[in-house]
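**Student:** Let me give you the structure first, and then I'll get to my questions.
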Amino acid sequence: MGLGILGMQKTRRKAERRKVLWGARLANLNGDRYLRCLIKDISSAGARVSIDEQFLDKSAYFLDLRNRFAYEARVVWQRPPEMGLEFIRGYRFDEVPSEPLRRAIESEY
């Protein structure tokens with residue numbers, strides 16, 4: 001008997017996801033575009049977020065405001081208003097490589 005669609009999706013996940021509703025931010029890699037988003041679910045490997053604006057970049061910084069941590073992420077799918085992110089590398093807010101993004105974070109927090 002087959003796994004079905006749900007079974008196949010679960011086996012493709014790198015880590016178990018938790019359903020949440022947390023505010024977050026999404027920024028392009030050079031830090032000059034900075035958007036509010038809502039985390040719908042999250043794991044150590046990625047997140048599903050909802051955004052109000054179109055985001056065409058294939059890579060981004062995802063800012064987990066709750067934990068004050070920034071993830072360099074790859075956009076793996078988009079179905080507006082939601083998108084899936086795969087985390088590549090993580091940084092404390094003060095370690096983010098993009099100077100404009102560090103300034104945006106500092107001005108907000």
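Labeling convention for the structure tokens: chains A, B, ... as they appear, residues from 1 per chain, ligands from 1 in order of appearance.
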Check segment 2-104 of chain A with DSSP on the backbone and list each residue it calls helix (DSSP H, G or I), as a ChimeraX atom specification.
**Tutor:** /A:4-12,93-95,99-104
**Student:** Quick one: residues within 12 Å of segment 82-94 of chain A, only C-alpha atoms counted, chain neighbours fewer than 4 positions away excluded, as a PyMOL selection string?
**Tutor:** chain A and resi 13-15+17+26+37-78+98-106+108-109
**Student:** Just how far from atom CA of Ser107 of chain A is atom CA of Gly31 of chain A, in Å to one decimal?
**Tutor:**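 So the two atoms, atom CA of Gly31 of chain A and atom CA of Ser107 of chain A, lie 13.2 Å apart.
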**Student:** Go through segment 43-93 of chain A and collect every residue that DSSP, computed from the backbone, puts in strand (DSSP E or B); the answer should be as JSON, numbers by chain.
**Tutor:** {"A": [46, 47, 48, 49, 50, 51, 59, 60, 61, 62, 63, 64, 69, 70, 71, 72, 73, 74, 75, 76, 77, 78, 79, 82, 83, 84, 85, 86, 87, 88, 89, 90, 91, 92]}
**Student:** Separation of atom CA of Asn28 of chain A and atom CA of Val96 of chain A, in Å?
**Tutor:**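 Straight-line distance from atom CA of Asn28 of chain A to atom CA of Val96 of chain A works out to 12.3 Å.
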